[in-house]
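Visitor: So here's protein-v5.csv, just CSV, C-alpha atoms:
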chain,number,residue,atom,x,y,z
A,1,MET,CA,0.0,0.0,0.0
A,2,ASP,CA,1.8,3.1,-1.3
A,3,LEU,CA,0.4,6.3,0.4
A,4,GLY,CA,3.2,8.6,-1.0
A,5,LEU,CA,3.2,11.0,-3.9
A,6,THR,CA,4.0,10.0,-7.4
A,7,PRO,CA,6.6,12.2,-9.2
A,8,ARG,CA,3.8,14.0,-11.1
A,9,GLY,CA,1.7,14.3,-7.9
A,10,ARG,CA,4.6,15.8,-6.0
A,11,GLU,CA,5.2,18.4,-8.7
A,12,LEU,CA,1.6,19.5,-8.6
A,13,ARG,CA,1.3,19.4,-4.8
A,14,ASP,CA,4.4,21.6,-4.5
A,15,ALA,CA,3.1,24.0,-7.1
A,16,VAL,CA,-0.3,24.2,-5.4
A,17,ALA,CA,1.2,24.7,-2.0
A,18,THR,CA,3.3,27.6,-3.3
A,19,MET,CA,0.4,29.3,-5.0
A,20,VAL,CA,-1.8,28.9,-1.9
A,21,ARG,CA,0.8,30.3,0.4
A,22,ASP,CA,2.1,33.1,-1.8
A,23,ARG,CA,-0.9,34.2,-3.9
A,24,ILE,CA,-4.2,32.9,-2.6
A,25,ALA,CA,-4.3,32.8,1.2
A,26,PRO,CA,-3.1,36.4,1.5
A,27,LEU,CA,-6.2,37.5,-0.3
A,28,ASP,CA,-8.8,35.5,1.7
A,29,ALA,CA,-9.5,38.3,4.2
A,30,GLU,CA,-9.8,41.0,1.6
A,31,PHE,CA,-12.2,38.9,-0.5
A,32,HIS,CA,-14.5,38.2,2.4
A,33,ALA,CA,-14.4,41.8,3.7
A,34,GLU,CA,-15.9,42.8,0.3
A,35,THR,CA,-19.0,40.7,0.8
A,36,GLY,CA,-22.2,42.7,0.5
A,37,GLY,CA,-20.5,45.6,-1.2
A,38,THR,CA,-22.9,45.4,-4.2
A,39,GLY,CA,-26.0,45.5,-2.0
A,40,ASN,CA,-26.5,41.8,-2.7
A,41,CYS,CA,-24.4,39.6,-0.4
A,42,TRP,CA,-24.6,36.7,-2.9
A,43,GLU,CA,-23.2,38.7,-5.8
A,44,HIS,CA,-19.5,39.3,-6.2
A,45,THR,CA,-18.2,42.9,-6.0
A,46,PRO,CA,-15.9,44.1,-8.9
A,47,ARG,CA,-12.9,43.5,-6.5
A,48,GLN,CA,-14.0,40.0,-5.6
A,49,THR,CA,-14.4,39.2,-9.3
A,50,GLU,CA,-11.0,40.6,-10.0
A,51,ILE,CA,-9.4,38.6,-7.3
A,52,LEU,CA,-11.0,35.3,-8.3
A,53,GLU,CA,-10.6,35.7,-12.1
A,54,THR,CA,-7.0,36.8,-11.8
A,55,LEU,CA,-6.1,33.9,-9.6
A,56,LYS,CA,-8.0,31.4,-11.8
A,57,ALA,CA,-6.2,32.6,-14.9
A,58,GLU,CA,-2.9,32.2,-13.1
A,59,ALA,CA,-3.9,28.7,-12.0
A,60,ARG,CA,-4.7,27.7,-15.5
A,61,GLU,CA,-1.5,29.1,-16.8
A,62,ARG,CA,0.4,27.1,-14.2
A,63,GLY,CA,-1.4,23.9,-15.2
A,64,LEU,CA,-3.1,23.7,-11.9
A,65,TRP,CA,-6.7,23.3,-13.2
A,66,ASN,CA,-9.3,20.6,-12.7
A,67,LEU,CA,-6.9,18.5,-10.6
A,68,TRP,CA,-9.8,16.5,-9.2
A,69,ARG,CA,-10.1,14.5,-12.4
A,70,THR,CA,-8.0,11.7,-11.1
A,71,HIS,CA,-10.0,8.8,-12.7
A,72,LEU,CA,-11.6,10.5,-15.7
A,73,PRO,CA,-10.3,10.7,-19.3
A,74,GLY,CA,-8.2,13.8,-19.8
A,75,GLY,CA,-7.2,14.2,-16.2
A,76,PRO,CA,-4.0,15.5,-14.7
A,77,GLY,CA,-2.3,12.1,-14.6
A,78,ILE,CA,-2.3,11.7,-10.9
A,79,THR,CA,-3.8,9.2,-8.4
A,80,THR,CA,-6.5,9.8,-5.8
A,81,VAL,CA,-3.7,9.5,-3.2
A,82,ASP,CA,-1.9,12.3,-5.0
A,83,TYR,CA,-5.0,14.4,-5.0
A,84,ALA,CA,-5.4,13.9,-1.2
A,85,TRP,CA,-2.1,15.5,-0.6
A,86,ILE,CA,-2.9,18.3,-3.1
A,87,ALA,CA,-6.4,19.0,-1.6
A,88,GLU,CA,-4.9,19.2,1.8
A,89,GLU,CA,-3.0,22.3,0.6
A,90,MET,CA,-6.2,23.7,-0.9
A,91,GLY,CA,-7.8,23.3,2.5
A,92,GLN,CA,-5.6,26.0,4.0
A,93,SER,CA,-7.4,28.8,2.0
A,94,TRP,CA,-11.1,29.5,1.5
A,95,LEU,CA,-10.5,30.7,-2.1
A,96,ALA,CA,-8.1,27.9,-3.2
A,97,PRO,CA,-10.6,25.2,-4.2
A,98,GLU,CA,-12.4,27.6,-6.6
A,99,VAL,CA,-9.2,29.1,-7.9
A,100,PHE,CA,-8.1,25.6,-9.0
A,101,ASN,CA,-11.7,24.7,-10.2
A,102,CYS,CA,-11.8,22.0,-7.5
A,103,ASN,CA,-14.6,23.3,-5.4
A,104,ALA,CA,-17.8,21.7,-4.1
A,105,PRO,CA,-20.4,21.1,-5.3
A,106,ASP,CA,-19.1,21.7,-8.8
A,107,THR,CA,-16.6,18.9,-8.8
A,108,GLY,CA,-19.3,16.4,-7.9
A,109,ASN,CA,-21.7,17.8,-10.5
A,110,MET,CA,-19.0,17.8,-13.2
A,111,GLU,CA,-18.4,14.1,-12.4
A,112,VAL,CA,-22.1,13.4,-12.8
A,113,PHE,CA,-22.2,15.2,-16.1
A,114,ALA,CA,-19.1,13.5,-17.3
A,115,ARG,CA,-20.2,10.0,-16.3
A,116,TYR,CA,-24.0,10.1,-16.9
A,117,GLY,CA,-24.8,13.2,-18.9
A,118,THR,CA,-25.9,13.3,-22.5
A,119,ASP,CA,-23.8,14.9,-25.2
A,120,ALA,CA,-26.1,17.9,-25.1
A,121,MET,CA,-25.7,18.2,-21.3
A,122,LYS,CA,-21.9,18.0,-21.6
A,123,ASP,CA,-21.9,20.8,-24.2
A,124,ARG,CA,-24.3,23.0,-22.3
A,125,TRP,CA,-23.2,22.5,-18.7
A,126,LEU,CA,-20.0,20.4,-18.4
A,127,GLU,CA,-17.8,22.3,-20.7
A,128,PRO,CA,-18.4,25.8,-19.1
A,129,LEU,CA,-18.1,24.2,-15.7
A,130,MET,CA,-14.8,22.7,-16.6
A,131,ARG,CA,-13.7,26.2,-17.8
A,132,GLY,CA,-14.9,27.8,-14.5
A,133,GLU,CA,-17.3,30.1,-16.3
A,134,ILE,CA,-20.5,29.0,-14.5
A,135,ARG,CA,-21.4,27.4,-11.1
A,136,SER,CA,-23.9,24.7,-10.3
A,137,ALA,CA,-25.9,23.3,-7.4
A,138,TYR,CA,-26.9,19.9,-6.1
A,139,LEU,CA,-30.4,19.7,-4.7
A,140,MET,CA,-30.9,16.6,-2.5
A,141,THR,CA,-31.6,17.5,1.2
A,142,GLU,CA,-35.2,18.4,2.1
A,143,PRO,CA,-36.6,20.3,5.1
A,144,ASP,CA,-39.6,18.1,5.8
A,145,VAL,CA,-38.0,14.6,5.9
A,146,ALA,CA,-35.0,12.9,7.5
A,147,SER,CA,-32.8,13.3,4.5
A,148,SER,CA,-30.0,11.3,6.3
A,149,ASP,CA,-32.0,8.4,4.9
A,150,ALA,CA,-32.1,9.4,1.3
A,151,THR,CA,-35.0,7.0,0.5
A,152,ASN,CA,-37.2,9.6,2.4
A,153,ILE,CA,-36.5,12.2,-0.3
A,154,ALA,CA,-40.0,13.3,-1.4
A,155,MET,CA,-39.8,16.0,-4.1
A,156,ASP,CA,-42.4,14.8,-6.6
A,157,CYS,CA,-41.5,14.3,-10.2
A,158,ARG,CA,-44.2,13.1,-12.5
A,159,ARG,CA,-44.4,12.6,-16.3
A,160,ASP,CA,-46.8,14.8,-18.2
A,161,GLY,CA,-46.7,14.1,-21.9
A,162,ASP,CA,-43.1,14.9,-23.1
A,163,GLU,CA,-42.2,16.7,-19.8
A,164,TRP,CA,-41.3,16.0,-16.2
A,165,VAL,CA,-43.1,18.2,-13.6
A,166,LEU,CA,-41.4,18.7,-10.3
A,167,ASN,CA,-42.9,19.9,-7.0
A,168,GLY,CA,-41.4,20.2,-3.6
A,169,GLU,CA,-38.7,22.0,-1.5
A,170,LYS,CA,-35.0,21.6,-1.1
A,171,TRP,CA,-32.6,23.2,1.3
A,172,TRP,CA,-28.8,23.3,2.0
A,173,SER,CA,-28.4,23.8,-1.7
A,174,THR,CA,-24.9,25.1,-1.5
A,175,GLY,CA,-24.0,28.0,-3.9
A,176,ALA,CA,-27.4,28.2,-5.4
A,177,GLY,CA,-27.7,31.9,-4.6
A,178,ASP,CA,-24.6,32.8,-6.6
A,179,PRO,CA,-25.6,34.6,-9.9
A,180,ARG,CA,-23.2,32.4,-11.7
A,181,CYS,CA,-25.1,29.3,-10.6
A,182,VAL,CA,-27.1,28.4,-13.7
A,183,VAL,CA,-28.0,24.7,-13.3
A,184,HIS,CA,-29.4,22.4,-10.6
A,185,ILE,CA,-29.0,18.6,-10.4
A,186,VAL,CA,-32.1,17.5,-8.5
A,187,MET,CA,-32.8,14.2,-6.7
A,188,CYS,CA,-36.5,13.5,-6.9
A,189,ARG,CA,-39.1,10.7,-6.5
A,190,THR,CA,-40.5,9.4,-9.7
A,191,ASP,CA,-42.2,6.3,-8.5
A,192,PRO,CA,-43.7,6.5,-5.0
A,193,ASP,CA,-44.6,2.9,-5.1
A,194,GLY,CA,-41.4,1.6,-6.5
A,195,PRO,CA,-38.6,-0.4,-4.9
A,196,ARG,CA,-36.8,1.4,-2.0
A,197,HIS,CA,-33.7,2.2,-4.0
A,198,ALA,CA,-35.2,2.4,-7.4
A,199,SER,CA,-38.0,5.0,-7.0
A,200,HIS,CA,-35.8,8.0,-7.3
A,201,SER,CA,-34.2,9.8,-10.2
A,202,MET,CA,-31.9,12.7,-11.0
A,203,VAL,CA,-33.1,15.5,-13.2
A,204,VAL,CA,-31.1,18.5,-14.6
A,205,VAL,CA,-33.0,21.8,-14.2
A,206,PRO,CA,-31.8,25.3,-15.5
A,207,HIS,CA,-31.9,27.7,-12.5
A,208,ASP,CA,-34.2,30.1,-14.4
A,209,THR,CA,-36.9,27.6,-15.2
A,210,PRO,CA,-40.4,29.0,-14.3
A,211,GLY,CA,-41.5,27.8,-10.9
A,212,VAL,CA,-38.0,27.8,-9.3
A,213,THR,CA,-37.9,30.2,-6.3
A,214,ILE,CA,-35.1,30.8,-3.8
A,215,LEU,CA,-36.9,31.3,-0.6
A,216,ARG,CA,-34.0,32.3,1.6
A,217,GLY,CA,-30.3,31.8,2.4
A,218,LEU,CA,-29.7,29.6,5.4
A,219,GLN,CA,-27.4,30.7,8.2
A,220,VAL,CA,-24.7,28.6,9.8
A,221,PHE,CA,-24.3,29.6,13.4
A,222,GLY,CA,-25.7,33.0,12.5
A,223,ASP,CA,-23.4,33.5,9.5
A,224,ASP,CA,-25.0,33.5,6.0
A,225,GLU,CA,-21.6,32.3,4.5
A,226,ALA,CA,-22.0,34.7,1.7
A,227,PRO,CA,-21.1,35.0,-1.1
A,228,HIS,CA,-21.1,31.2,-1.3
A,229,GLY,CA,-24.0,30.3,1.0
A,230,HIS,CA,-26.7,27.6,1.2
A,231,MET,CA,-30.2,28.1,-0.2
A,232,HIS,CA,-33.7,27.0,0.6
A,233,ILE,CA,-35.5,26.5,-2.7
A,234,ARG,CA,-39.1,25.8,-3.8
A,235,TYR,CA,-40.1,24.0,-7.0
A,236,GLU,CA,-43.7,24.7,-8.1
A,237,ASN,CA,-44.8,22.9,-11.3
A,238,VAL,CA,-41.3,23.1,-12.7
A,239,ARG,CA,-41.3,21.6,-16.2
A,240,VAL,CA,-38.3,20.2,-18.0
A,241,PRO,CA,-38.2,17.9,-21.1
A,242,LEU,CA,-37.9,14.2,-20.8
A,243,ASP,CA,-34.3,14.2,-21.8
A,244,ALA,CA,-33.4,16.3,-18.7
A,245,MET,CA,-33.3,13.0,-16.7
A,246,LEU,CA,-29.9,11.6,-16.0
A,247,LEU,CA,-29.1,7.9,-16.9
A,248,GLY,CA,-32.8,6.8,-16.6
A,249,GLU,CA,-35.8,6.7,-14.4
A,250,GLY,CA,-35.3,5.1,-11.0
A,251,ARG,CA,-31.5,5.3,-11.2
A,252,GLY,CA,-31.0,8.2,-8.8
A,253,PHE,CA,-29.3,6.2,-6.1
A,254,GLU,CA,-26.9,4.7,-8.6
A,255,ILE,CA,-25.8,8.2,-9.6
A,256,ALA,CA,-25.7,9.5,-6.0
A,257,GLN,CA,-23.3,6.7,-4.9
A,258,GLY,CA,-21.0,7.5,-7.9
A,259,ARG,CA,-21.0,11.2,-6.9
A,260,LEU,CA,-20.9,11.2,-3.2
A,261,GLY,CA,-17.9,8.9,-2.6
A,262,PRO,CA,-15.4,11.2,-4.2
A,263,GLY,CA,-17.2,14.3,-2.8
A,264,ARG,CA,-17.0,12.9,0.8
A,265,ILE,CA,-13.3,12.2,0.6
A,266,HIS,CA,-12.5,15.6,-1.0
A,267,HIS,CA,-14.1,17.3,2.0
A,268,CYS,CA,-12.0,15.2,4.3
A,269,MET,CA,-8.8,16.0,2.4
A,270,ARG,CA,-9.4,19.7,2.7
A,271,ALA,CA,-10.4,19.3,6.4
A,272,VAL,CA,-6.9,17.9,7.1
A,273,GLY,CA,-5.5,21.1,5.6
A,274,MET,CA,-7.8,23.2,7.8
A,275,ALA,CA,-6.6,21.3,10.8
A,276,GLU,CA,-3.0,22.0,9.9
A,277,LYS,CA,-3.8,25.7,9.5
A,278,CYS,CA,-5.5,25.8,12.9
A,279,LEU,CA,-2.5,24.1,14.6
A,280,THR,CA,-0.2,26.7,13.0
A,281,LEU,CA,-2.3,29.5,14.3
A,282,MET,CA,-2.5,27.9,17.7
A,283,VAL,CA,1.3,27.5,18.2
A,284,GLU,CA,2.1,30.9,16.7
A,285,ARG,CA,-0.3,32.6,19.1
A,286,GLY,CA,1.0,30.6,22.0
A,287,ALA,CA,4.6,31.7,21.2
A,288,ALA,CA,3.7,35.3,20.7
A,289,ARG,CA,1.6,35.9,23.9
A,290,HIS,CA,2.9,35.8,27.5
A,291,ALA,CA,1.1,35.4,30.8
A,292,PHE,CA,2.2,34.4,34.3
A,293,GLY,CA,5.9,34.6,33.4
A,294,SER,CA,5.8,32.3,30.4
A,295,ASP,CA,4.6,32.1,26.8
A,296,LEU,CA,1.1,30.5,26.5
A,297,ASN,CA,2.4,27.3,24.9
A,298,ALA,CA,4.1,26.4,28.1
A,299,LEU,CA,1.2,27.1,30.4
A,300,GLY,CA,-1.3,24.7,31.8
A,301,GLY,CA,-1.9,21.7,29.5
A,302,ASN,CA,-1.1,23.5,26.3
A,303,MET,CA,1.9,21.4,25.5
A,304,GLU,CA,-0.2,18.3,25.7
A,305,ARG,CA,-2.9,19.9,23.6
A,306,ILE,CA,-0.4,20.7,20.9
A,307,ALA,CA,0.8,17.1,21.0
A,308,GLU,CA,-2.7,15.7,20.8
A,309,ALA,CA,-3.5,18.0,17.8
A,310,ARG,CA,-0.4,16.7,16.0
A,311,ILE,CA,-1.3,13.1,16.7
A,312,GLY,CA,-4.9,13.5,15.6
A,313,ILE,CA,-3.9,15.2,12.4
A,314,GLU,CA,-1.4,12.5,11.5
A,315,GLY,CA,-4.0,9.8,12.1
A,316,ALA,CA,-6.7,11.6,10.1
A,317,ARG,CA,-4.3,12.1,7.2
A,318,LEU,CA,-3.2,8.5,7.1
A,319,LEU,CA,-6.8,7.2,7.1
A,320,CYS,CA,-7.7,9.7,4.4
A,321,LEU,CA,-4.8,8.4,2.3
A,322,LYS,CA,-5.7,4.8,2.9
A,323,ALA,CA,-9.3,5.5,1.7
A,324,ALA,CA,-7.9,7.3,-1.3
A,325,TRP,CA,-5.6,4.3,-2.0
A,326,ALA,CA,-8.6,2.0,-1.8
A,327,MET,CA,-10.4,4.1,-4.4
A,328,ASP,CA,-7.4,3.9,-6.7
A,329,GLN,CA,-7.8,0.1,-6.7
A,330,GLY,CA,-11.1,0.6,-8.5
A,331,ASP,CA,-13.4,-1.2,-6.0
A,332,MET,CA,-15.7,1.5,-4.6
A,333,LYS,CA,-17.6,-1.1,-2.6
A,334,ALA,CA,-14.4,-2.0,-0.7
A,335,ALA,CA,-13.5,1.6,-0.4
A,336,ALA,CA,-16.9,2.7,1.0
A,337,PRO,CA,-16.3,1.7,4.7
A,338,LEU,CA,-12.9,3.5,4.7
A,339,ILE,CA,-14.5,6.6,3.2
A,340,SER,CA,-17.1,6.5,5.9
A,341,GLN,CA,-14.4,6.1,8.6
A,342,VAL,CA,-12.5,9.1,7.4
A,343,LYS,CA,-15.7,11.1,6.9
A,344,ILE,CA,-16.2,10.6,10.7
A,345,MET,CA,-12.7,11.1,11.8
A,346,ALA,CA,-11.3,14.0,9.7
A,347,PRO,CA,-14.0,16.6,10.7
A,348,ARG,CA,-13.9,15.5,14.3
A,349,VAL,CA,-10.1,15.9,14.5
A,350,ALA,CA,-10.1,19.2,12.7
A,351,LEU,CA,-12.9,20.5,14.8
A,352,ARG,CA,-11.1,19.6,18.0
A,353,VAL,CA,-7.9,21.3,16.8
A,354,CYS,CA,-9.8,24.4,15.8
A,355,ASP,CA,-11.5,24.5,19.2
A,356,GLU,CA,-8.1,24.4,20.9
A,357,ALA,CA,-6.8,27.1,18.6
A,358,ILE,CA,-9.8,29.3,19.5
A,359,GLN,CA,-9.1,28.7,23.2
A,360,MET,CA,-5.5,29.8,22.8
A,361,HIS,CA,-6.6,33.0,21.1
A,362,GLY,CA,-9.1,33.9,23.8
A,363,GLY,CA,-11.7,36.4,22.7
A,364,ALA,CA,-9.9,37.0,19.4
A,365,GLY,CA,-10.6,33.4,18.5
A,366,VAL,CA,-14.4,33.9,18.3
A,367,SER,CA,-14.2,37.3,16.6
A,368,GLN,CA,-13.8,38.4,13.1
A,369,ASP,CA,-10.2,39.2,13.7
A,370,THR,CA,-9.2,35.5,13.0
A,371,ASP,CA,-10.4,32.9,10.6
A,372,LEU,CA,-11.1,30.4,13.4
A,373,ALA,CA,-14.8,31.2,14.0
A,374,ARG,CA,-15.6,30.7,10.3
A,375,THR,CA,-13.5,27.6,10.2
A,376,TYR,CA,-15.2,26.2,13.3
A,377,GLY,CA,-18.7,26.7,11.7
A,378,HIS,CA,-17.6,25.0,8.5
A,379,LEU,CA,-16.0,22.0,10.2
A,380,ARG,CA,-19.0,21.5,12.5
A,381,THR,CA,-21.3,21.6,9.5
A,382,LEU,CA,-19.1,19.1,7.7
A,383,ARG,CA,-20.1,16.5,10.3
A,384,LEU,CA,-23.6,16.7,8.7
A,385,VAL,CA,-22.6,17.3,5.0
A,386,ASP,CA,-22.8,14.2,2.8
A,387,GLY,CA,-24.3,12.1,5.6
A,388,PRO,CA,-24.2,12.7,9.4
A,389,ASP,CA,-21.8,10.9,11.7
A,390,ALA,CA,-24.5,8.4,12.8
A,391,VAL,CA,-25.1,7.2,9.2
A,392,HIS,CA,-21.4,6.7,8.6
A,393,LEU,CA,-20.9,4.9,11.9
A,394,ARG,CA,-23.7,2.6,10.9
A,395,THR,CA,-21.9,1.9,7.6
A,396,VAL,CA,-18.7,1.2,9.3
A,397,ALA,CA,-20.3,-1.1,11.9
A,398,ARG,CA,-22.2,-3.1,9.3
A,399,ALA,CA,-19.0,-3.6,7.3
A,400,GLU,CA,-17.3,-4.8,10.4
A,401,LEU,CA,-20.0,-7.3,11.2
A,402,ARG,CA,-20.1,-8.6,7.6
A,403,SER,CA,-16.4,-9.2,7.7
A,404,ARG,CA,-17.0,-11.5,10.7
A,405,GLY,CA,-19.9,-13.3,9.0
A,406,LEU,CA,-22.4,-11.8,11.4
A,407,ARG,CA,-24.7,-10.1,8.9
Could you quickly redo this structure as structure tokens?
Guide:
Amino acid sequence: MDLGLTPRGRELRDAVATMVRDRIAPLDAEFHAETGGTGNCWEHTPRQTEILETLKAEARERGLWNLWRTHLPGGPGITTVDYAWIAEEMGQSWLAPEVFNCNAPDTGNMEVFARYGTDAMKDRWLEPLMRGEIRSAYLMTEPDVASSDATNIAMDCRRDGDEWVLNGEKWWSTGAGDPRCVVHIVMCRTDPDGPRHASHSMVVVPHDTPGVTILRGLQVFGDDEAPHGHMHIRYENVRVPLDAMLLGEGRGFEIAQGRLGPGRIHHCMRAVGMAEKCLTLMVERGAARHAFGSDLNALGGNMERIAEARIGIEGARLLCLKAAWAMDQGDMKAAAPLISQVKIMAPRVALRVCDEAIQMHGGAGVSQDTDLARTYGHLRTLRLVDGPDAVHLRTVARAELRSRGLR
């Protein structure tokens, strides 16, 4: 089991790390300070657009574009293990994933279009997504059902002549408020009486289709997370042609599993990078501040907390790399329990490190003067994104029992 970088992967990882450190991370604070400057918090200001487009052009020129395509034709020639190391570097800046066109939910949606989309969908949606010209949203979670069990998803989708008609509500539709978001991929129920895992389908819906209404932006711990954000959306008699359905009626879960596995591990890769960033802030703050005759690192149990943070990060990284290696072997069924394991472990570890960093910073740690409060909110949310801990724990436990012939 080789968890190291290939020569090509090392070259790209080093280039990404350099660009994140020297060009992207220094602009994070300025970018977020601009939010709302247009009067619409979801719309980029001219300065935000300038920052993003300048950095994206630079990333393309450096060959650091669409690096997530590890197992699709035309990719960068790296393994999923390589990408894990690369995505960790991206996790140290809020802007970095989009700068490299490796941001959620677009990477997952691009994968769906590439794997399951028609030629027309690829021309209309995939190509501009690959060029970073538009954004997309993935509409799965619903406010009125326990969406942790995706078989509960209830958005109604019925055939009427040569059209599908959709009715229902979705929420936590990340990025759907961005004016650049022009297409939704929607999980819906097409056969209420069908088999449990064959009654749902996925449909592609242009954002400006009549009947699509953004009801509100959802807050995360009181923060609207603009300009990215998460939307609550209503569909009322939304009509799309029959060829808007991906892969075929009743095959929604098949598509979802193909999409969510890579998406989950990409989140975990970036979470490891966030944890590293938090640990750096923690030890630098501890060294810079003094109290009771010593620097903060030497006070109380802070040395032990630093050690525990390092141990936790190393463990999360190794598990993430092992899951990535399993994906590279081509057996997603075998990789699934490992992906669930790291989906539990990485956000927990990163959240714990972030919490300790906040404590070391005192009041500054929960204020806008550091990036820690925003990071904490994101990492706590990540324990719910793409399946809450309880669901992944169930997956891990069932795999363990099966391996012992007990299920």
Visitor: Need to verify the contact set: Asp208 (chain A), 10 Å, all atoms listed in the file, exclusion of same-chain residues closer than 4 positions in sequence. Can you return it as a PyMOL selection string?
Guide: chain A and resi 181-184+212-213
Visitor: Leaving out Pro76 (chain A) and any residue of its chain fewer than 5 positions from it, which residues lie within 8 Å of it when counting only C-alpha atoms, given as number ranges by chain?
Guide: A: 66-67, 69-70
Visitor: Would you kindly return, as a PyMOL selection string, each protein, DNA or RNA residue with an atom no farther than 10 Å from any atom of region 164-170 of chain A, considering all atoms listed in the file and excluding same-chain residues fewer than 4 positions away?
Guide: chain A and resi 138-144+153-160+186-190+203+205+211-215+231-245
Visitor: Taking all atoms listed in the file into account, which of A:Glu356, A:Thr45, A:Val16, A:Arg131 comes nearest Thr107 (chain A)?
Guide: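 Answer, going by the shortest atom-to-atom distance: A:Arg131.
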Visitor: Around (-1.4, 13.2, 13.3) in the file's own coordinates, what residues are found within 12 Å if you use only C-alpha atoms, given back as a PyMOL selection string?
Guide: chain A and resi 272-273+275-276+279+306-320+345-346+349-350+353
Visitor: For each of A:Gly252, A:Gly9, A:Pro227, A:Pro128, take the minimum atom-to-atom distance to Gly77 (chain A), counting only C-alpha atoms, then give the residue where this is smallest.
Guide: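 Distance minimum relative to Gly77 (chain A) lands on A:Gly9.
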Visitor: Got a sec: who's within 12 Å of Glu284 (chain A), counting all atoms listed in the file, leaving out chain neighbours fewer than 4 positions off, as a list in words?
Guide: Lys277, Cys278, Leu279, Thr280, Ala288, Arg289, His290, Asp295, Leu296, Asn297, Ile306, Ala357, Met360 and His361 of chain A
